[in-house]
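**Student:** Attaching a single structure in structure tokens format; questions to follow.
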Amino acid sequence: MLERLYIEQSVWDTEEADRLRKALSRLPCERVADGAEVYRRVAMAADPVSEGKRVLLCTENRGRFLRPCPGTRNYTCCGYWIVHTGTYCTMDCSYCILQGYFHPPVLQYFLNRRDLFSQLEKLARHKPSRMRRLGTGEFTDSLIWEPWDPLARELATWFGTQRHGVLELKTKTVNIAGFQDVVHNRKTIMAWSINTPTVIAGQERGTAPLEARLEAAARCASWGYPLAFHFDPMVLYPGCEAEYIAVVEAIFRKVRPEDVVWVSLGTFRFMPHLKPVIERRFPESRIVYGEFVSGMDGKMRYFQPLRLRLYRSVAQALREVSPELCVYFCMENDKIWREALGFVPDQRGGLPRMLDESAASHCDLS
């Protein structure tokens with residue numbers, strides 16, 4: 001839970017800062033020259049990862065708001081564009097890479113909103129015939145900010161006015177209040193990270209239960225939004241195959257296959273330096289003690305035959321729902337694609353083209 005609000009001088013007088021001060025009026029608020037002092041205080045805490053979730057630093061993005069996803073070398077990338085609206089997360093998942101990505105980890109929110117929309121306008125003008133897929137869920141959860149500030153709704157409104165790209169909002173929350181009234185014109189995809197109840201209960205502190213996420217997805221579909229689901233990271237444990245298949249069945253009891261733009265699959269993987277962080281912060285978790293090998297990108301991954309077996313089971317369950325459903329792997333090699341799905345992306349023009357075509361068929365880009 002947030003305990004303190006810091007606002008940098010450069011954004012103190014903005015409309016967005018005023019809105020956040022009112023929305024978070026219960027918190028002590030301090031004006032700071034820059035974020036250096038906040039970083040220092042967090043870094044000195046006994047548990048900087050947890051401390052960074054208790055403070056919110058409202059600041060200015062002095063770099064690019066928009067950047068292509070760097071992907072992972074030697075694995076197939078989807079060609080996604082990152083909309084960099086903030087960093088870190090109020091939720092606390094044992095496997096979260098952000099625990100070891102930011103030094104120190106601090107919940108930051110960028111308030112120079114005009115620069116964000118200016119960069120979006122510029123991107124839309126650059127090669128306007130090219131369709132782009134963009135999303136805010138790379139360095140943070142897309143909807144954690146919505147109770148305090150309607151940025152995601154503003155983005156959905158902006159995307160509704162153009163025809164060159166689609167926005168994906170990926171979340172583990174149910175913060176969808178207000179989205180019913182957005183004129184989105186089917187250019188925003190509402191997406192949920194999905195896992196089994198076992199993983200959610202044991203590894204995803206502070207996230208919405210599976211049933212609540214699916215109820216929120218169904219409501220968004222009723223408001224005309226296209227949907228997406230991301231099984232990532234899938235975790236291996238006794239009985240997991242049956243539980244992941246049950247999740248597939250639960251999804252499609254709530255929503256229609258024709259409303260789903262894509263479903264991604266990816267198993268738990270981590271950089272070696274994240275292991276001691278997980279062991280220290282989640283001593284009850286056994287997630288890092290599976291059968292792992294070092295992948296081509298240096299990340300620890302489940303032994304390939306083990307993850308392939310799980311992928312095949314879930315892919316088959318998805319095919320039984322709808323053979324036309326766009327299913328893809330997040331950062332996997334051609335062997336996994338061929339043996340689990342029966343093809344490799346290059347046979348269909350590459351993964352970016354596959355996803356572009358699915359977006360075009362589900363979203364209104366006219």
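Chain identifiers are assigned as A, B, and so on, following the order in which chains appear in the structure tokens; residues are numbered from 1 within each chain, and ligands are numbered from 1 in order of appearance.
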What are the closest atom pairs, with distances in Å to one decimal, for each residue of region 119-194 of chain A lying within 12 Å of region 42-60 of chain A, using only C-alpha atoms, rows by chain and rising residue number, as JSON lines?

**Tutor:**
```
{"residue": "A:Thr140", "atom": "CA", "partner": "A:Lys53", "partner_atom": "CA", "distance": 11.6}
{"residue": "A:Ile144", "atom": "CA", "partner": "A:Lys53", "partner_atom": "CA", "distance": 11.9}
{"residue": "A:Trp145", "atom": "CA", "partner": "A:Leu56", "partner_atom": "CA", "distance": 10.7}
{"residue": "A:Trp148", "atom": "CA", "partner": "A:Leu56", "partner_atom": "CA", "distance": 11.5}
{"residue": "A:Asp149", "atom": "CA", "partner": "A:Cys58", "partner_atom": "CA", "distance": 11.8}
```

**Student:** In Å, rounded to a single decimal, give me how far CA of Ser322 (chain A) is from CA of Gly239 (chain A).

**Tutor:** 24.3 Å

**Student:** Identify, on the basis of only C-alpha atoms, every residue whose closest approach to region 185-196 of chain A does not exceed 7 Å; exclude the query and any residue fewer than 4 positions from it along the same chain; express the result as a VMD selection string.

**Tutor:** chain A and resid 156 159 to 160 166 to 172 200 224 to 232 234 243 to 244 247 363 to 365

**Student:** From the DSSP assignment of the backbone, select every residue of region 71-259 of chain A that is strand (DSSP E or B), and format the answer as an MDAnalysis selection string.

**Tutor:** chainID A and resid 81:83 86:87 92:93 107:110 132:135 165:171 188:194 204:205 227:234

**Student:** Can I get the selection written as a PDB file, in the first residue's frame, with C-alpha atoms?

**Tutor:**
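Saved result, selection-v5.pdb, follows:
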```
ATOM      1  CA  TRP A  81       6.124  -1.088 -29.360  1.00  0.00           C
ATOM      2  CA  ILE A  82       6.430  -0.018 -25.720  1.00  0.00           C
ATOM      3  CA  VAL A  83       4.535   3.033 -24.451  1.00  0.00           C
ATOM      4  CA  GLY A  86       5.801   4.581 -15.722  1.00  0.00           C
ATOM      5  CA  THR A  87       7.873   1.986 -13.945  1.00  0.00           C
ATOM      6  CA  ASP A  92       3.995  -8.107  -5.828  1.00  0.00           C
ATOM      7  CA  CYS A  93       4.577 -11.246  -7.909  1.00  0.00           C
ATOM      8  CA  LEU A 107       7.244   3.280  -8.408  1.00  0.00           C
ATOM      9  CA  GLN A 108       7.468   6.132 -10.907  1.00  0.00           C
ATOM     10  CA  TYR A 109       4.747   7.802 -12.928  1.00  0.00           C
ATOM     11  CA  PHE A 110       5.475  10.210 -15.756  1.00  0.00           C
ATOM     12  CA  ARG A 132       1.703  -0.822 -35.224  1.00  0.00           C
ATOM     13  CA  ARG A 133       0.864  -2.660 -32.030  1.00  0.00           C
ATOM     14  CA  LEU A 134       1.650  -0.656 -28.912  1.00  0.00           C
ATOM     15  CA  GLY A 135       1.183  -1.302 -25.222  1.00  0.00           C
ATOM     16  CA  GLY A 165      -2.240   1.190 -34.769  1.00  0.00           C
ATOM     17  CA  VAL A 166      -3.809  -0.593 -31.832  1.00  0.00           C
ATOM     18  CA  LEU A 167      -3.195  -0.172 -28.120  1.00  0.00           C
ATOM     19  CA  GLU A 168      -2.988  -3.148 -25.779  1.00  0.00           C
ATOM     20  CA  LEU A 169      -3.643  -2.539 -22.074  1.00  0.00           C
ATOM     21  CA  LYS A 170      -2.325  -5.516 -20.103  1.00  0.00           C
ATOM     22  CA  THR A 171      -3.228  -5.998 -16.447  1.00  0.00           C
ATOM     23  CA  THR A 188      -7.837  -0.710 -27.814  1.00  0.00           C
ATOM     24  CA  ILE A 189      -7.324  -4.332 -26.813  1.00  0.00           C
ATOM     25  CA  MET A 190      -8.071  -5.070 -23.167  1.00  0.00           C
ATOM     26  CA  ALA A 191      -5.679  -7.821 -22.093  1.00  0.00           C
ATOM     27  CA  TRP A 192      -5.211  -9.892 -18.975  1.00  0.00           C
ATOM     28  CA  SER A 193      -2.222 -11.795 -17.698  1.00  0.00           C
ATOM     29  CA  ILE A 194      -3.688 -15.141 -16.718  1.00  0.00           C
ATOM     30  CA  GLU A 204       0.937 -13.122  -7.175  1.00  0.00           C
ATOM     31  CA  ARG A 205       0.399 -11.003  -4.067  1.00  0.00           C
ATOM     32  CA  LEU A 227      -9.642  -8.962 -25.797  1.00  0.00           C
ATOM     33  CA  ALA A 228      -6.324 -10.756 -25.322  1.00  0.00           C
ATOM     34  CA  PHE A 229      -4.994 -13.210 -22.749  1.00  0.00           C
ATOM     35  CA  HIS A 230      -1.411 -13.919 -21.768  1.00  0.00           C
ATOM     36  CA  PHE A 231      -0.464 -17.187 -20.075  1.00  0.00           C
ATOM     37  CA  ASP A 232       2.892 -15.902 -18.927  1.00  0.00           C
ATOM     38  CA  PRO A 233       4.700 -17.061 -16.923  1.00  0.00           C
ATOM     39  CA  MET A 234       3.327 -20.581 -16.888  1.00  0.00           C
TER      40      MET A 234
END
```

**Student:** Neighbours of Asp334 (chain A) within 12 Å (only C-alpha atoms; same-chain residues fewer than 4 positions away dropped), as a PyMOL selection string?

**Tutor:** chain A and resi 74-77+308+328-330+338-347+350-351

**Student:** Could those residues be written to a file, using C-alpha atoms, as a compact mmCIF listing (two decimals), in the first residue's frame?

**Tutor:**
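Heads up, here's the output in again_19.txt:
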```txt
# COMPACT_ATOMS: atom_id res chain seq x y z
CA ASN A 74 17.89 -15.97 -30.37
CA TYR A 75 14.14 -16.09 -29.69
CA THR A 76 11.21 -14.97 -31.84
CA CYS A 77 10.02 -11.44 -31.02
CA LEU A 308 7.05 -28.42 -24.49
CA TYR A 328 1.71 -17.47 -30.18
CA PHE A 329 4.74 -17.98 -27.99
CA CYS A 330 6.52 -15.21 -26.16
CA ARG A 338 6.98 -26.50 -34.72
CA GLU A 339 6.42 -29.21 -32.12
CA ALA A 340 3.68 -27.47 -30.13
CA LEU A 341 1.79 -25.58 -32.86
CA GLY A 342 2.82 -27.41 -36.02
CA PHE A 343 4.41 -24.47 -37.81
CA VAL A 344 7.06 -21.78 -37.43
CA PRO A 345 6.30 -18.07 -37.77
CA ASP A 346 8.28 -17.66 -41.00
CA GLN A 347 5.83 -20.00 -42.71
CA GLY A 350 6.73 -13.91 -39.44
CA LEU A 351 5.23 -13.35 -35.99
```

**Student:** Determine which residues of region 231-294 of chain A receive a DSSP assignment of alpha helix (DSSP H), computed from the backbone, and state them as a PDB file with N, CA and C atoms, in the first residue's frame.

**Tutor:**
```pdb
ATOM      1  N   CYS A 240      -0.186 -29.222 -12.886  1.00  0.00           N
ATOM      2  CA  CYS A 240      -0.346 -27.931 -13.566  1.00  0.00           C
ATOM      3  C   CYS A 240      -1.034 -28.056 -14.920  1.00  0.00           C
ATOM      4  N   GLU A 241      -0.786 -29.141 -15.663  1.00  0.00           N
ATOM      5  CA  GLU A 241      -1.394 -29.264 -16.986  1.00  0.00           C
ATOM      6  C   GLU A 241      -2.911 -29.219 -16.899  1.00  0.00           C
ATOM      7  N   ALA A 242      -3.471 -30.001 -16.000  1.00  0.00           N
ATOM      8  CA  ALA A 242      -4.931 -30.018 -15.845  1.00  0.00           C
ATOM      9  C   ALA A 242      -5.444 -28.651 -15.414  1.00  0.00           C
ATOM     10  N   GLU A 243      -4.692 -27.971 -14.549  1.00  0.00           N
ATOM     11  CA  GLU A 243      -5.151 -26.663 -14.066  1.00  0.00           C
ATOM     12  C   GLU A 243      -5.091 -25.609 -15.165  1.00  0.00           C
ATOM     13  N   TYR A 244      -4.056 -25.640 -16.007  1.00  0.00           N
ATOM     14  CA  TYR A 244      -4.000 -24.669 -17.107  1.00  0.00           C
ATOM     15  C   TYR A 244      -5.103 -24.940 -18.137  1.00  0.00           C
ATOM     16  N   ILE A 245      -5.396 -26.196 -18.385  1.00  0.00           N
ATOM     17  CA  ILE A 245      -6.507 -26.518 -19.287  1.00  0.00           C
ATOM     18  C   ILE A 245      -7.823 -26.027 -18.697  1.00  0.00           C
ATOM     19  N   ALA A 246      -7.972 -26.147 -17.377  1.00  0.00           N
ATOM     20  CA  ALA A 246      -9.182 -25.639 -16.714  1.00  0.00           C
ATOM     21  C   ALA A 246      -9.292 -24.125 -16.847  1.00  0.00           C
ATOM     22  N   VAL A 247      -8.155 -23.432 -16.859  1.00  0.00           N
ATOM     23  CA  VAL A 247      -8.181 -21.979 -17.056  1.00  0.00           C
ATOM     24  C   VAL A 247      -8.667 -21.646 -18.465  1.00  0.00           C
ATOM     25  N   VAL A 248      -8.184 -22.381 -19.467  1.00  0.00           N
ATOM     26  CA  VAL A 248      -8.672 -22.183 -20.835  1.00  0.00           C
ATOM     27  C   VAL A 248     -10.188 -22.334 -20.876  1.00  0.00           C
ATOM     28  N   GLU A 249     -10.692 -23.383 -20.263  1.00  0.00           N
ATOM     29  CA  GLU A 249     -12.143 -23.622 -20.252  1.00  0.00           C
ATOM     30  C   GLU A 249     -12.872 -22.493 -19.528  1.00  0.00           C
ATOM     31  N   ALA A 250     -12.280 -21.991 -18.430  1.00  0.00           N
ATOM     32  CA  ALA A 250     -12.913 -20.904 -17.675  1.00  0.00           C
ATOM     33  C   ALA A 250     -12.987 -19.626 -18.500  1.00  0.00           C
ATOM     34  N   ILE A 251     -11.930 -19.335 -19.257  1.00  0.00           N
ATOM     35  CA  ILE A 251     -11.932 -18.136 -20.100  1.00  0.00           C
ATOM     36  C   ILE A 251     -13.104 -18.165 -21.069  1.00  0.00           C
ATOM     37  N   PHE A 252     -13.264 -19.295 -21.752  1.00  0.00           N
ATOM     38  CA  PHE A 252     -14.251 -19.332 -22.829  1.00  0.00           C
ATOM     39  C   PHE A 252     -15.646 -19.698 -22.358  1.00  0.00           C
ATOM     40  N   ARG A 253     -15.798 -19.863 -21.068  1.00  0.00           N
ATOM     41  CA  ARG A 253     -17.149 -19.836 -20.488  1.00  0.00           C
ATOM     42  C   ARG A 253     -17.612 -18.393 -20.309  1.00  0.00           C
ATOM     43  N   LYS A 254     -16.651 -17.483 -20.237  1.00  0.00           N
ATOM     44  CA  LYS A 254     -16.973 -16.072 -20.005  1.00  0.00           C
ATOM     45  C   LYS A 254     -17.001 -15.235 -21.280  1.00  0.00           C
ATOM     46  N   LEU A 274      18.167 -12.935 -10.363  1.00  0.00           N
ATOM     47  CA  LEU A 274      16.857 -12.787  -9.737  1.00  0.00           C
ATOM     48  C   LEU A 274      16.595 -13.876  -8.691  1.00  0.00           C
ATOM     49  N   LYS A 275      17.276 -14.999  -8.797  1.00  0.00           N
ATOM     50  CA  LYS A 275      17.018 -16.116  -7.882  1.00  0.00           C
ATOM     51  C   LYS A 275      17.185 -15.734  -6.416  1.00  0.00           C
ATOM     52  N   PRO A 276      18.314 -15.122  -5.994  1.00  0.00           N
ATOM     53  CA  PRO A 276      18.429 -14.764  -4.571  1.00  0.00           C
ATOM     54  C   PRO A 276      17.410 -13.726  -4.124  1.00  0.00           C
ATOM     55  N   VAL A 277      16.961 -12.876  -5.044  1.00  0.00           N
ATOM     56  CA  VAL A 277      15.925 -11.892  -4.694  1.00  0.00           C
ATOM     57  C   VAL A 277      14.622 -12.612  -4.361  1.00  0.00           C
ATOM     58  N   ILE A 278      14.240 -13.579  -5.193  1.00  0.00           N
ATOM     59  CA  ILE A 278      13.022 -14.349  -4.945  1.00  0.00           C
ATOM     60  C   ILE A 278      13.155 -15.160  -3.661  1.00  0.00           C
ATOM     61  N   GLU A 279      14.300 -15.784  -3.459  1.00  0.00           N
ATOM     62  CA  GLU A 279      14.507 -16.593  -2.247  1.00  0.00           C
ATOM     63  C   GLU A 279      14.391 -15.736  -0.991  1.00  0.00           C
ATOM     64  N   ARG A 280      14.914 -14.523  -1.038  1.00  0.00           N
ATOM     65  CA  ARG A 280      14.876 -13.642   0.134  1.00  0.00           C
ATOM     66  C   ARG A 280      13.478 -13.077   0.377  1.00  0.00           C
ATOM     67  N   ARG A 281      12.809 -12.667  -0.688  1.00  0.00           N
ATOM     68  CA  ARG A 281      11.525 -11.981  -0.520  1.00  0.00           C
ATOM     69  C   ARG A 281      10.341 -12.937  -0.454  1.00  0.00           C
TER      70      ARG A 281
END
```

**Student:** Taking into account only C-alpha atoms, which residue in the set A:Arg114, A:Arg309, A:Lys122, A:His84 is nearest to Gly137 (chain A)?

**Tutor:**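 Closest to Gly137 (chain A), using only C-alpha atoms: A:His84.
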